[in-house]
Structures are given as structure tokens and as C-alpha cells.
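**Q** Just start-v4.cif, nothing more (mmCIF, C-alpha atoms and all ligand atoms):
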```
data_work
loop_
_atom_site.label_atom_id
_atom_site.label_comp_id
_atom_site.auth_asym_id
_atom_site.auth_seq_id
_atom_site.Cartn_x
_atom_site.Cartn_y
_atom_site.Cartn_z
CA VAL A 1 14.59 20.83 -17.43
CA CYS A 2 15.62 20.20 -21.03
CA PRO A 3 13.85 22.86 -23.13
CA SER A 4 14.00 20.69 -26.27
CA ASN A 5 13.13 17.36 -24.66
CA ALA A 6 16.37 15.85 -25.88
CA ILE A 7 17.03 13.59 -22.90
CA SER A 8 15.61 10.15 -22.24
CA MET A 9 16.51 7.48 -19.72
CA LYS A 10 17.73 4.24 -21.27
CA GLU A 11 18.33 0.86 -19.66
CA THR A 12 21.75 -0.64 -20.28
CA PRO A 13 22.37 -4.41 -20.60
CA GLY A 14 23.86 -4.26 -17.08
CA GLY A 15 20.49 -3.01 -15.83
CA LEU A 16 21.47 0.60 -15.11
CA LEU A 17 19.51 3.67 -16.15
CA GLN A 18 21.54 6.16 -18.16
CA ALA A 19 20.57 9.54 -19.52
CA GLU A 20 20.80 9.55 -23.31
CA VAL A 21 20.96 12.82 -25.21
CA CYS A 22 19.55 13.08 -28.73
CA GLU A 23 22.19 15.12 -30.58
CA ASP A 24 19.68 16.28 -33.21
CA LEU A 25 17.51 17.94 -30.58
CA CYS A 26 20.21 19.14 -28.15
CA THR A 27 20.97 22.88 -28.31
CA HIS A 28 23.93 22.59 -25.91
CA CYS A 29 22.36 25.03 -23.46
CA GLY A 30 23.96 23.13 -20.56
CA LEU A 31 20.88 23.27 -18.33
CA CYS A 32 20.91 19.50 -17.77
CA LEU A 33 24.44 19.63 -16.40
CA LYS A 34 23.55 22.55 -14.14
CA VAL A 35 20.93 20.46 -12.37
CA CYS A 36 22.44 16.97 -12.67
CA PRO A 37 22.84 15.53 -9.15
CA GLY A 38 25.44 13.08 -10.46
CA ASP A 39 27.67 16.04 -11.30
CA HIS A 40 27.23 18.38 -8.33
CA LEU A 41 25.03 20.00 -5.73
CA GLN A 42 24.53 23.73 -6.18
CA PRO A 43 27.16 25.65 -4.13
CA ASP A 44 26.31 26.27 -0.48
CA LEU A 45 23.32 23.93 -0.40
CA LEU A 46 25.14 21.94 2.29
CA SER A 47 25.71 23.94 5.45
CA SER A 48 29.32 23.73 6.67
CA GLU A 49 27.96 23.61 10.24
CA VAL A 50 25.77 20.52 9.74
CA ASP A 51 27.12 16.98 9.61
CA PRO A 52 26.30 15.94 5.99
CA PHE A 53 25.97 12.30 7.06
CA LYS A 54 23.21 13.18 9.56
CA GLY A 55 21.61 16.31 8.08
CA PRO A 56 19.69 19.11 9.79
CA LEU A 57 17.24 18.09 12.51
CA ARG A 58 14.12 19.62 14.04
CA LYS A 59 12.75 16.56 15.78
CA VAL A 60 13.14 12.81 15.46
CA TYR A 61 10.44 10.21 16.09
CA TYR A 62 9.68 6.55 15.69
CA GLY A 63 6.24 5.19 15.01
CA LYS A 64 3.79 3.75 12.55
CA SER A 65 0.56 4.29 10.70
CA SER A 66 -2.64 3.93 12.69
CA ASN A 67 -4.31 2.52 9.56
CA PRO A 68 -3.98 -1.32 9.78
CA LYS A 69 -4.18 -1.76 5.99
CA HIS A 70 -1.40 0.78 5.31
CA LEU A 71 0.74 -0.75 8.07
CA ARG A 72 0.24 -4.30 6.78
CA ASN A 73 1.11 -3.41 3.21
CA GLY A 74 3.78 -0.80 4.02
CA GLN A 75 7.50 -1.37 3.77
CA SER A 76 8.26 -0.22 7.28
CA GLY A 77 5.54 1.46 9.38
CA GLY A 78 3.36 2.49 6.40
CA VAL A 79 4.04 6.11 7.33
CA ALA A 80 4.68 7.43 3.80
CA THR A 81 1.31 6.17 2.60
CA THR A 82 -0.77 7.24 5.56
CA LEU A 83 0.80 10.71 5.53
CA LEU A 84 0.13 11.21 1.81
CA CYS A 85 -3.49 10.00 2.09
CA TRP A 86 -4.10 12.29 5.05
CA LEU A 87 -2.47 15.31 3.33
CA LEU A 88 -4.70 14.71 0.29
CA ASP A 89 -7.75 14.35 2.47
CA GLN A 90 -6.92 17.58 4.31
CA LYS A 91 -6.40 19.34 0.95
CA TYR A 92 -2.87 20.27 2.07
CA ILE A 93 -1.77 18.84 -1.29
CA ASP A 94 -3.61 18.16 -4.57
CA LYS A 95 -1.46 15.23 -5.66
CA ALA A 96 1.57 13.12 -4.77
CA LEU A 97 4.43 11.88 -6.90
CA VAL A 98 4.88 8.20 -6.04
CA THR A 99 6.46 5.13 -7.59
CA GLN A 100 4.62 1.88 -8.37
CA MET A 101 5.75 -1.55 -9.43
CA PRO A 102 3.37 -2.38 -12.31
CA ASN A 103 1.45 -5.62 -12.56
CA ASP A 104 2.18 -6.14 -16.25
CA GLY A 105 5.35 -8.21 -16.19
CA THR A 106 7.68 -5.34 -17.11
CA LEU A 107 9.14 -5.24 -13.57
CA ARG A 108 10.22 -1.64 -14.09
CA PRO A 109 8.93 0.79 -11.45
CA VAL A 110 6.95 3.70 -12.82
CA SER A 111 6.65 7.09 -11.14
CA MET A 112 3.21 8.64 -11.37
CA TRP A 113 0.89 11.27 -9.93
CA ALA A 114 -1.48 9.85 -7.34
CA LYS A 115 -4.68 11.66 -6.47
CA SER A 116 -6.48 8.89 -4.62
CA GLU A 117 -5.83 6.56 -1.71
CA LYS A 118 -6.02 3.61 -4.11
CA ASP A 119 -3.06 4.83 -6.18
CA ILE A 120 -1.04 5.74 -3.12
CA VAL A 121 -1.61 2.32 -1.57
CA ARG A 122 -0.66 0.67 -4.89
CA SER A 123 2.74 2.39 -4.62
CA GLN A 124 3.60 0.89 -1.22
CA GLY A 125 6.84 -1.00 -0.82
CA SER A 126 10.44 -0.10 -1.57
CA LYS A 127 11.79 -0.60 -5.06
CA TYR A 128 15.51 -1.19 -4.58
CA CYS A 129 16.34 -0.49 -8.20
CA PRO A 130 16.77 2.57 -10.46
CA VAL A 131 13.72 4.85 -10.69
CA ALA A 132 13.49 7.70 -13.20
CA LEU A 133 11.48 10.13 -11.10
CA ASN A 134 12.78 12.92 -13.35
CA GLU A 135 10.64 11.64 -16.21
CA VAL A 136 7.46 12.85 -14.50
CA LEU A 137 8.73 15.81 -12.50
CA PRO A 138 6.79 18.93 -13.43
CA ASN A 139 8.44 21.39 -15.72
CA GLY A 140 8.79 25.17 -15.63
CA LYS A 141 6.86 26.99 -12.91
CA GLU A 142 4.89 23.92 -11.90
CA ILE A 143 7.82 22.38 -10.06
CA MET A 144 7.81 25.34 -7.66
CA SER A 145 4.30 24.66 -6.39
CA SER A 146 3.76 23.83 -2.74
CA ARG A 147 0.51 22.01 -3.62
CA TYR A 148 2.11 18.61 -4.11
CA ALA A 149 4.33 16.16 -2.27
CA LEU A 150 6.92 13.85 -3.69
CA VAL A 151 8.52 10.74 -2.26
CA GLY A 152 12.10 10.29 -3.36
CA LEU A 153 15.53 8.89 -2.73
CA PRO A 154 18.35 11.29 -1.82
CA CYS A 155 19.59 11.46 -5.45
CA HIS A 156 16.07 12.36 -6.66
CA ILE A 157 15.82 15.10 -4.07
CA HIS A 158 19.30 16.44 -4.93
CA GLY A 159 18.06 16.99 -8.49
CA VAL A 160 14.94 18.78 -7.28
CA LYS A 161 16.99 20.96 -4.91
CA ASN A 162 19.36 21.93 -7.72
CA ILE A 163 16.43 23.00 -9.90
CA LEU A 164 14.71 24.93 -7.11
CA ASP A 165 17.99 26.65 -6.22
CA ILE A 166 18.63 27.75 -9.81
CA LYS A 167 15.06 29.03 -10.09
CA ARG A 168 15.48 30.81 -6.72
CA SER A 169 12.12 29.39 -5.82
CA LYS A 170 10.45 30.30 -2.53
CA SER A 171 7.57 27.83 -2.75
CA ARG A 172 8.34 24.19 -3.20
CA PRO A 173 6.76 20.77 -2.86
CA LEU A 174 6.69 18.85 0.39
CA LEU A 175 9.73 16.61 0.10
CA ILE A 176 9.31 13.19 1.71
CA GLY A 177 12.67 11.47 1.56
CA LEU A 178 13.54 7.83 2.11
CA VAL A 179 16.66 6.69 3.90
CA CYS A 180 18.73 5.00 1.19
CA ASP A 181 21.87 2.92 1.35
CA ARG A 182 21.84 2.05 -2.34
CA VAL A 183 19.78 0.66 -5.22
CA MET A 184 20.64 -2.43 -7.26
CA SER A 185 20.74 -2.69 -11.04
CA TYR A 186 17.68 -4.27 -12.72
CA GLY A 187 19.92 -7.30 -13.24
CA ALA A 188 19.29 -8.12 -9.56
CA LEU A 189 15.61 -8.77 -10.32
CA ASP A 190 16.48 -11.20 -13.11
CA TYR A 191 19.02 -12.85 -10.85
CA MET A 192 16.52 -13.34 -8.00
CA ILE A 193 13.90 -14.71 -10.40
CA CYS A 194 16.50 -17.19 -11.74
CA LYS A 195 17.40 -18.18 -8.17
CA ALA A 196 13.70 -18.89 -7.54
CA GLY A 197 13.73 -21.23 -10.55
CA ILE A 198 10.94 -19.26 -12.22
CA LYS A 199 10.78 -18.30 -15.89
CA ARG A 200 11.00 -14.53 -16.38
CA LEU A 201 7.94 -14.60 -18.64
CA ASP A 202 5.84 -16.15 -15.87
CA VAL A 203 6.46 -13.19 -13.55
CA ARG A 204 3.88 -10.47 -13.29
CA SER A 205 5.19 -8.34 -10.42
CA PHE A 206 7.93 -8.30 -7.82
CA ARG A 207 8.19 -7.16 -4.23
CA PHE A 208 11.70 -6.81 -2.83
CA ARG A 209 10.45 -7.16 0.74
CA ASN A 210 7.06 -8.63 1.56
CA LYS A 211 5.92 -8.56 5.19
CA LYS A 212 3.53 -11.44 4.43
CA PHE A 213 6.63 -13.61 4.39
CA GLY A 214 8.02 -13.76 7.91
CA GLY A 215 6.94 -10.27 8.97
CA TRP A 216 9.22 -7.23 8.83
CA PRO A 217 11.72 -6.88 7.15
CA GLY A 218 10.25 -9.63 4.95
CA ASP A 219 11.40 -12.08 2.32
CA ILE A 220 11.17 -11.49 -1.44
CA GLY A 221 7.76 -11.97 -3.09
CA ILE A 222 7.67 -12.93 -6.78
CA GLN A 223 4.15 -12.69 -8.15
CA LYS A 224 3.38 -15.05 -11.01
CA TYR A 225 0.61 -14.79 -13.62
CA ASP A 226 -1.10 -17.79 -12.05
CA GLN A 227 -1.64 -15.51 -8.98
CA ASN A 228 0.75 -17.52 -6.78
CA ILE A 229 3.37 -15.48 -4.96
CA PHE A 230 6.68 -17.29 -4.71
CA ARG A 231 8.64 -16.68 -1.51
CA LEU A 232 12.41 -16.34 -1.88
CA SER A 233 14.74 -15.98 1.10
CA SER A 234 15.95 -12.42 1.79
CA LYS A 235 19.53 -13.78 1.82
CA HIS A 236 19.43 -13.62 -1.99
CA ARG A 237 18.50 -9.92 -1.87
CA GLN A 238 21.37 -9.33 0.55
CA TRP A 239 23.79 -11.19 -1.68
CA CYS A 240 22.77 -9.12 -4.70
CA LYS A 241 24.05 -5.94 -3.05
CA GLY A 242 27.64 -7.11 -3.52
CA PHE A 243 27.24 -7.68 -7.25
CA PHE A 244 24.58 -5.28 -8.53
CA THR A 245 25.31 -1.99 -6.72
CA PRO A 246 25.88 0.87 -9.20
CA LEU A 247 29.10 2.83 -8.70
CA ARG A 248 27.05 6.01 -8.26
CA CYS A 249 25.63 4.67 -4.98
CA TYR A 250 29.13 4.11 -3.59
CA LEU A 251 29.95 7.75 -4.35
CA CYS A 252 26.82 9.13 -2.66
CA PHE A 253 27.31 10.50 0.87
CA ASP A 254 23.63 11.14 1.52
CA LYS A 255 22.19 8.00 3.06
CA MET A 256 19.87 10.02 5.35
CA ASN A 257 18.24 12.31 2.76
CA TYR A 258 19.68 15.64 3.90
CA PHE A 259 17.29 17.95 1.98
CA ALA A 260 13.91 16.32 2.63
CA ASP A 261 11.32 17.96 4.88
CA ILE A 262 10.51 14.55 6.35
CA VAL A 263 12.75 11.48 6.21
CA LEU A 264 11.41 7.93 6.62
CA GLY A 265 13.33 4.74 7.20
CA ASP A 266 13.12 1.34 8.85
CA ALA A 267 13.35 1.45 12.63
CA TRP A 268 16.62 -0.53 12.69
CA GLY A 269 17.96 -0.74 16.24
CA VAL A 270 14.97 1.26 17.51
CA GLU A 271 11.82 -0.86 17.20
CA GLU A 272 12.44 -4.02 15.19
CA VAL A 273 8.97 -5.57 15.30
CA LYS A 274 7.30 -8.04 12.92
CA GLU A 275 4.48 -5.65 11.97
CA GLY A 276 7.03 -2.99 10.93
CA SER A 277 7.89 0.41 12.32
CA SER A 278 9.50 3.60 11.02
CA VAL A 279 11.96 6.22 12.06
CA ILE A 280 10.73 9.68 11.13
CA ILE A 281 13.03 12.69 10.94
CA ALA A 282 11.52 16.17 10.66
CA ARG A 283 14.24 18.30 9.07
CA THR A 284 12.33 21.53 8.49
CA SER A 285 9.67 23.43 10.44
CA ARG A 286 7.20 22.47 7.70
CA GLY A 287 8.04 18.79 8.11
CA LYS A 288 7.78 19.01 11.89
CA ASP A 289 4.43 20.75 11.65
CA VAL A 290 3.04 17.98 9.40
CA ILE A 291 4.28 15.16 11.66
CA GLU A 292 3.09 16.77 14.88
CA LYS A 293 -0.38 17.39 13.45
CA ALA A 294 -0.52 13.81 12.13
CA MET A 295 0.40 12.48 15.58
CA LEU A 296 -2.01 14.81 17.35
CA ASN A 297 -4.83 13.63 15.08
CA GLY A 298 -3.97 9.99 15.69
CA ILE A 299 -3.03 9.44 12.01
CA LEU A 300 0.40 8.28 13.14
CA VAL A 301 1.21 6.67 16.44
CA GLY A 302 4.64 7.09 17.92
CA ASP A 303 6.93 9.16 20.08
CA THR A 304 10.03 11.30 19.94
CA ILE A 305 13.42 9.64 20.21
CA ASP A 306 17.05 10.62 20.73
CA PRO A 307 18.42 11.20 17.17
CA GLU A 308 21.64 9.38 18.06
CA ARG A 309 19.66 6.14 18.49
CA VAL A 310 18.49 6.48 14.91
CA PHE A 311 21.98 7.25 13.59
CA SER A 312 23.41 4.31 15.48
CA GLY A 313 20.67 1.99 14.10
CA GLN A 314 21.43 3.26 10.59
CA HIS A 315 25.21 2.67 11.09
CA ILE A 316 26.11 6.25 10.18
CA LYS A 317 29.65 5.84 11.55
CA LEU A 318 30.24 2.93 9.17
CA LYS A 319 28.54 4.72 6.25
CA ARG A 320 30.81 7.76 6.75
CA LYS A 321 33.82 5.42 6.62
CA ASN A 322 32.50 3.55 3.58
CA TRP A 323 31.91 6.79 1.68
CA THR A 324 35.36 8.12 2.59
CA SER A 325 36.94 4.84 1.47
CA SER A 326 35.11 4.55 -1.85
CA THR A 327 35.55 8.18 -2.87
CA THR A 328 39.24 8.09 -1.88
CA VAL A 329 39.86 4.94 -3.94
CA TRP A 330 37.89 6.28 -6.92
CA GLN A 331 39.81 9.58 -6.92
CA GLN A 332 43.16 7.85 -6.46
CA GLN A 333 42.34 5.95 -9.65
CA GLY A 334 42.27 9.32 -11.42
CA ASN A 335 38.48 9.85 -11.48
CA SER A 336 36.33 12.63 -10.10
CA ILE A 337 33.39 12.40 -7.74
CA PRO A 338 30.21 14.49 -7.75
CA ASP A 339 30.99 17.92 -6.28
CA PHE A 340 28.89 17.89 -3.11
CA GLY A 341 30.97 20.54 -1.32
CA ILE A 342 31.67 18.40 1.75
CA LYS A 343 34.38 19.75 4.05
CA GLN A 344 37.29 17.38 4.76
CA SER A 345 36.59 17.61 8.50
CA TRP A 346 33.43 15.52 8.00
CA TYR A 347 35.41 12.65 6.42
CA SER A 348 36.27 9.55 8.43
CA ALA A 349 39.73 8.15 9.18
CA ILE A 350 40.39 5.13 6.94
CA THR A 351 43.04 2.42 6.74
CA ASN A 352 44.69 0.70 3.79
CA GLY A 353 42.50 -2.30 4.59
CA ASP A 354 39.35 -0.17 4.09
CA LYS A 355 40.71 1.03 0.76
CA LYS A 356 41.43 -2.53 -0.33
CA VAL A 357 37.85 -3.59 0.44
CA PHE A 358 36.41 -0.70 -1.56
CA ALA A 359 38.85 -1.12 -4.44
CA LYS A 360 37.27 -4.58 -4.89
CA LYS A 361 33.70 -3.27 -4.61
CA ILE A 362 34.43 -0.54 -7.15
CA ARG A 363 35.99 -3.06 -9.53
CA ILE A 364 32.78 -5.08 -9.44
CA ALA A 365 30.62 -1.93 -9.82
CA CYS A 366 32.66 -0.89 -12.88
CA TYR A 367 31.67 -4.13 -14.56
CA LEU A 368 27.96 -3.19 -14.73
CA PRO A 369 28.25 -0.33 -17.26
CA ASN A 370 30.42 -2.57 -19.47
CA VAL A 371 28.04 -5.53 -19.65
CA ARG A 372 27.08 -6.32 -23.25
CA LEU A 373 24.75 -9.24 -22.70
CA ARG A 374 22.40 -9.62 -19.72
CA LYS A 375 22.68 -13.43 -20.02
CA VAL A 376 26.45 -13.34 -19.56
CA MET A 377 26.13 -11.05 -16.54
CA LEU A 378 23.63 -13.40 -14.92
CA LYS A 379 25.87 -16.41 -15.51
CA LYS A 380 28.75 -14.54 -13.93
CA ALA A 381 26.61 -13.61 -10.91
CA MET A 382 25.45 -17.25 -10.51
CA LEU A 383 29.04 -18.49 -10.67
CA LYS A 384 30.18 -15.93 -8.11
CA TYR A 385 27.39 -16.98 -5.77
CA SER A 386 28.28 -20.69 -6.14
CA PHE A 387 32.00 -20.05 -5.53
CA GLY A 388 31.09 -18.07 -2.42
CA GLN A 389 28.96 -20.97 -1.17
CA ILE A 390 31.74 -23.51 -1.76
CA LYS A 391 34.24 -21.24 -0.01
CA ARG A 392 31.94 -20.83 3.00
CA GLN A 393 31.33 -24.59 3.22
CA LEU A 394 35.07 -25.33 3.04
CA VAL A 395 35.82 -22.79 5.77
CA SER A 396 33.17 -24.26 8.09
CA LEU A 397 34.39 -27.82 7.38
CA PHE A 398 37.94 -26.73 8.11
CA LYS A 399 36.81 -25.15 11.39
CA LYS A 400 34.95 -28.34 12.40
CA ILE A 401 37.99 -30.53 11.71
CA TRP A 402 40.18 -28.32 13.83
C1 LIG A 501 16.26 2.11 -2.73
C2 LIG A 501 15.86 2.21 -1.28
C3 LIG A 501 16.84 2.01 -0.29
C4 LIG A 501 16.49 2.12 1.07
N1 LIG A 501 17.46 1.92 2.03
C5 LIG A 501 17.11 2.01 3.32
C6 LIG A 501 18.10 1.80 4.36
O1 LIG A 501 19.27 1.51 4.07
N2 LIG A 501 17.72 1.92 5.66
C7 LIG A 501 16.42 2.23 6.00
O2 LIG A 501 16.13 2.33 7.19
N3 LIG A 501 15.48 2.45 5.05
C8 LIG A 501 15.79 2.34 3.73
N4 LIG A 501 14.84 2.57 2.77
C9 LIG A 501 13.50 3.06 3.20
C10 LIG A 501 12.53 1.98 3.60
O3 LIG A 501 12.72 0.83 2.82
C11 LIG A 501 11.07 2.47 3.40
O4 LIG A 501 10.88 2.87 2.07
C12 LIG A 501 10.70 3.64 4.25
O5 LIG A 501 10.94 3.35 5.58
C13 LIG A 501 9.23 4.03 4.07
O6 LIG A 501 8.43 2.99 4.52
P1 LIG A 501 6.86 3.17 4.67
O7 LIG A 501 6.31 1.89 5.20
O8 LIG A 501 6.59 4.43 5.42
O9 LIG A 501 6.46 3.41 3.14
P2 LIG A 501 5.27 2.77 2.26
O10 LIG A 501 3.98 3.15 2.87
O11 LIG A 501 5.54 1.36 1.95
O12 LIG A 501 5.46 3.65 0.93
C14 LIG A 501 6.66 3.58 0.19
C15 LIG A 501 6.82 4.86 -0.60
O13 LIG A 501 8.12 4.88 -1.15
C16 LIG A 501 8.06 5.24 -2.52
N5 LIG A 501 9.16 4.51 -3.18
C17 LIG A 501 9.44 3.20 -3.13
N6 LIG A 501 10.55 2.91 -3.81
C18 LIG A 501 10.98 4.07 -4.34
C19 LIG A 501 12.09 4.42 -5.15
N7 LIG A 501 13.00 3.52 -5.56
N8 LIG A 501 12.23 5.70 -5.51
C20 LIG A 501 11.33 6.64 -5.12
N9 LIG A 501 10.27 6.37 -4.32
C21 LIG A 501 10.10 5.10 -3.95
C22 LIG A 501 6.68 4.83 -3.00
O14 LIG A 501 6.26 5.72 -3.99
C23 LIG A 501 5.83 4.96 -1.74
O15 LIG A 501 5.22 6.21 -1.70
C24 LIG A 501 15.15 2.42 1.43
C25 LIG A 501 14.18 2.59 0.43
C26 LIG A 501 14.52 2.49 -0.92
C27 LIG A 501 13.47 2.67 -1.97
#
```
Represent the structure from my file as C-alpha cells, please.
**A**
Amino acid sequence: VCPSNAISMKETPGGLLQAEVCEDLCTHCGLCLKVCPGDHLQPDLLSSEVDPFKGPLRKVYYGKSSNPKHLRNGQSGGVATTLLCWLLDQKYIDKALVTQMPNDGTLRPVSMWAKSEKDIVRSQGSKYCPVALNEVLPNGKEIMSSRYALVGLPCHIHGVKNILDIKRSKSRPLLIGLVCDRVMSYGALDYMICKAGIKRLDVRSFRFRNKKFGGWPGDIGIQKYDQNIFRLSSKHRQWCKGFFTPLRCYLCFDKMNYFADIVLGDAWGVEEVKEGSSVIIARTSRGKDVIEKAMLNGILVGDTIDPERVFSGQHIKLKRKNWTSSTTVWQQQGNSIPDFGIKQSWYSAITNGDKKVFAKKIRIACYLPNVRLRKVMLKKAMLKYSFGQIKRQLVSLFKKIW
């Protein structure tokens, strides 16, 4: 939204993306702050009647793509990809805003406009790291068009909603939202490559979860220039969450993408099968219309499901408690949280023990913005992992002896 193009996204040594403002170009109009999802959601966007941790619902489904190639290469049930290809084919949209992991060794996901099946398929797979979707969002009137779809995380869609709300726009893109617990700083990629014993310069591309390795949810796939794909156990990805989660993710309530027309996630607790499957939430009548037509036409195969099964599989009760704990701790330390406008009645009850756990997580998260050298951060992460291993081995030895 910046009228003078003064803002760019810069990577910090800790592997976070931060907005940098060029003082020479900035006119201090304040538009960026008005739409910044890290600062607030526009007033009244959240309904006081709807549980913010579950979001509005029209109908909830589980299912998968009927296209074997999309399903095989997809992160969950390949639903995002099949839907976009079908919407393009039906001329419901002219283009889709998607995010690809390039093949050029940069290992930094790039958001782009896809107008063909090839480009949409190339964007398959979840990138659990920062993505600057804002860099390619259309400007001015173009953003208000209903002729495109975008796939985004909750924070991306918060930004879009803020803009559309300020512009009082009636037409808007089809918003396909992903369920999102968190991203990890880019440092996590370097860490996992180190763990694999591969030189960073030998790596061409990276897949956080590759179904070729063990089926869904899949181990990590590190693609080298010699065309070999190195398989690394998913336990390393899981471990990274504790060290590389940005603070901003701990402060985000919206794990279920409240404002999307259609929400897609893994079918945790619903249909955990090796080929992959998705949960699909239609939040608006437009979203429901698209999904029902896609199912009727055999583009997607699936069925409706009790929403509470999805929320239980996604551990919404725990996520409500985690959010309450982290935001309480952060505010008690004298900081503010993004102004989402969530009523206190939607908060969870928490104990001092919960606060202690999140005080530790926040302490670790606060380290990332202060990293000066990536090398030092990686050494610290390696040491932490090794100490954890030793501790676990000692505990199990102790248990055996007793
Ligand atoms: C950071 C992140 C965290 C997630 N956390 C959870 C979770 O906790 N629980 C859960 O059930 N599901 C989670 N998901 C969603 C899940 O991993 C799948 O992305 C989703 O189910 C869609 O799968 P699919 O097979 O239909 O998509 P595919 O057909 O594989 O297509 C994936 C689509 O996602 C887009 N995409 C990928 N990464 C990003 C990104 N970082 N930002 C914007 N767009 C992106 C691509 O452009 C592509 O269009 C998360 C996804 C991401 C990216």
C-alpha cells in the first residue's frame, strides 16, 4: 500500500523477515501502519459472537484431489492445487497468487502469479518459513478484483482483510487460507542442512515435508545439485520448532485462518493416511459454493464431517491455552500484542505452570531478532540439540536402572 514504495522486506541474521522503511522515500502518511497485521486487525472484523479460535463456518469436509499427480505431490490432499487448476480452467479466476520454492539454491520461497497448471503444481508443498506475499500483492484497485485467488497464511490474509476493509471494497479475491500453527526462521533450513551433513552450497532446493519419504506427513527432502534428494528424519523439523519460532507466531491467535473463504489443512485425527488427505472448511457462501461444485464435478473426493472432529484434530483447546499463556506472559513483561479485538471470554484458563513454559519459549524467540551472526546462531542450536539428547539419554538410563 505504500504510495512511495518506501518499504522492503529484509532478512535478518536470525533468519526473520522484517519490513525496512527507506526514510528518504517515506512521507509518513501512516498507511502501512493502518494495514499492518502485526499491529492490529481493523475494528469489528472479528465478530464477538464467533469463537476466534474456530472462525465462522458454513460447512466442513475432509477429502482429497481426484488428480493422482496433484495428490502425490501435494502437502496434504493436494486440494489447494486441484482447486486452483480447476478454477482457472473454468475461467472463474484469471490467475492465482501462489508461493514456490525455487530451484536455484537460494532456498527462499517466492510468491508469484500462476496462470497455468505447471506453475501451480510447481508451488505445491508447505514452506514453513517466512513468505513475503505482500511483495506481489496487487496495488490500488487491482487488489479488489474477484478475478483472482490467493493462497495465504492467516497473517497474510489479515493484511489483505485490513486493506479491503479500509478501501470498503465489495469485490475481493477468493481467499484460500492454510491452517497454520507457526513458521520457522530461515535459520531452520540452514540447521537442517547442517544436520544432514550437506554443504549449503550443494543444495538446490528444499522440501519441508516430502511424501516420497515414508508417505504423509513425510520426512524432509533436501535436493542437491547432483539431482540426489537427501532424506532427513522429520524429528529434526519438529525439533526446530522449539528454537526457530518467531515471537510473532506465538502472539497470533488465528491458527485456523478465520477470514479465508476456504481453509485447508492436514486431516490430523480425521483421516491420517499415507497418501495424504485434507480438512476443508468453507467459511463463506462463496467458499461453500466452490467446494460443493468441485465435489459434484468429481474434482475433489470427500464428504462432510462434524466440525468438532476437525477442531479436536487440530488441538484447538491447547492452541487457545497456548495463545492465552504467551500473550499474558508477553504483556506482563510490559509489551503490547497486536490489537485483534478478542473478547476476554474467548481466552482460556491458564496456570502459573503454563506461564512458566511460555516465558521460556518467549525468551528463546526473543533471541532470534538479536542474532548478529548466522554461524553463531547455528552453533547455539546444535549445542542445544546435543544437550537435549544427552539429557534424554540420561533420563532413560536412570529409568532403566531403577
Ligand atoms: C507455515 C505453514 C504452517 C502450517 N501449519 C499447519 C498445521 O499446524 N496444521 C495443519 O493441519 N496444516 C498446516 N498447514 C497446512 C498444510 O501444511 C497444507 O499446506 C495444506 O493442508 C494444503 O495442502 P494441499 O495438499 O491442499 O496443498 P498443495 O497442493 O501442496 O499446495 C500448497 C499451496 O500452499 C501454498 N503455500 C505453501 N507454503 C506457503 C506459505 N508459507 N505461505 C503462503 N502460501 C504457501 C502454495 O502456494 C500452494 O498453493 C501449514 C502450512 C504452512 C505453509
**Q** Compile a residue-level contact table for chain A against ligand LIG 501 (chain A) at a cut-off of 6 Å, reporting for every qualifying residue the shortest atom pair and its distance in Å to one decimal, with all atoms listed in the file counted, rows ordered by chain and ascending number, as a tab-separated table.
**A**
```
residue	atom	partner	partner_atom	distance
A:Gly74	CA	A:LIG501	O11	3.5
A:Gln75	CA	A:LIG501	O7	3.8
A:Ser76	CA	A:LIG501	O7	3.5
A:Gly77	CA	A:LIG501	O7	4.3
A:Gly78	CA	A:LIG501	O7	3.2
A:Val79	CA	A:LIG501	O8	3.6
A:Ala80	CA	A:LIG501	O8	3.9
A:Thr81	CA	A:LIG501	O10	4.0
A:Val98	CA	A:LIG501	O14	3.5
A:Thr99	CA	A:LIG501	O14	3.7
A:Ser123	CA	A:LIG501	O14	4.9
A:Gln124	CA	A:LIG501	O11	3.7
A:Gly125	CA	A:LIG501	O11	3.9
A:Ser126	CA	A:LIG501	N6	3.8
A:Lys127	CA	A:LIG501	N6	3.9
A:Tyr128	CA	A:LIG501	C1	3.9
A:Cys129	CA	A:LIG501	N7	5.8
A:Val131	CA	A:LIG501	N7	5.3
A:Val151	CA	A:LIG501	N9	5.1
A:Gly152	CA	A:LIG501	C20	4.1
A:Leu153	CA	A:LIG501	C20	5.3
A:Leu178	CA	A:LIG501	C9	4.9
A:Val179	CA	A:LIG501	C8	4.4
A:Cys180	CA	A:LIG501	N1	3.4
A:Asp181	CA	A:LIG501	O1	4.0
A:Arg182	CA	A:LIG501	C3	5.4
A:Val183	CA	A:LIG501	C1	4.5
A:Leu264	CA	A:LIG501	O5	4.7
A:Gly265	CA	A:LIG501	O5	3.2
A:Asp266	CA	A:LIG501	O2	3.6
A:Ser278	CA	A:LIG501	O5	5.6
```
**Q** Find the distance between atom CA of A:Met101 and atom CA of A:Phe206 and write it in Å to one decimal.
**A** 7.3 Å
**Q** If you count all atoms listed in the file, which residues fall within 7 Å of A:Ala19, apart from same-chain ones fewer than 2 positions away, as a compact mmCIF listing (two decimals) with C-alpha atoms, in the frame of the given file?
**A**
```txt
# COMPACT_ATOMS: atom_id res chain seq x y z
CA ILE A 7 17.03 13.59 -22.90
CA SER A 8 15.61 10.15 -22.24
CA MET A 9 16.51 7.48 -19.72
CA LYS A 10 17.73 4.24 -21.27
CA LEU A 17 19.51 3.67 -16.15
CA VAL A 21 20.96 12.82 -25.21
```
**Q** Which of these residues is nearest to A:Ile163, using only C-alpha atoms: A:Lys91, A:Lys118, A:Lys400, A:His40?
**A** A:His40
**Q** Of the residues A:Ser169, A:Ser277, A:Ser145, A:Thr284, which is the one nearest to A:Ser65, using all atoms listed in the file?
**A** A:Ser277
**Q** Record the distance separating atom CA of A:Val290 and atom CA of A:Trp86, expressed in Å with one decimal.
**A**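 So the answer is 10.1 Å.
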**Q** What separation in Å, quoted to one decimal, exists between atom CA of A:Ile337 and atom CA of A:Cys249?
**A**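 Between these atoms lies a distance of 11.3 Å.
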**Q** For each of A:Val279, A:Ile262, A:Val301, A:Met144, take the minimum atom-to-atom distance to A:Leu57, counting all atoms listed in the file, then give the residue where this is smallest.
**A**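 Counting all atoms listed in the file, the residue closest to A:Leu57 is A:Ile262.
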**Q** Just checking: using all atoms listed in the file, which residue out of A:Gly159, A:Gly187, A:Pro130, A:Gly14 ends up closest to A:Pro37?
**A** A:Gly159
**Q** Considering only C-alpha atoms, state which residue in the set A:Ala359, A:Ile342, A:Cys85, A:Val203 is at the smallest distance from A:Thr328.
**A** A:Ala359
**Q** Which residue, A:Lys384, A:Lys288, A:Lys356, A:Lys293, has the smallest gap to A:Tyr61 when you use all atoms listed in the file?
**A**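 Using all atoms listed in the file, the shortest distance to A:Tyr61 belongs to A:Lys288.
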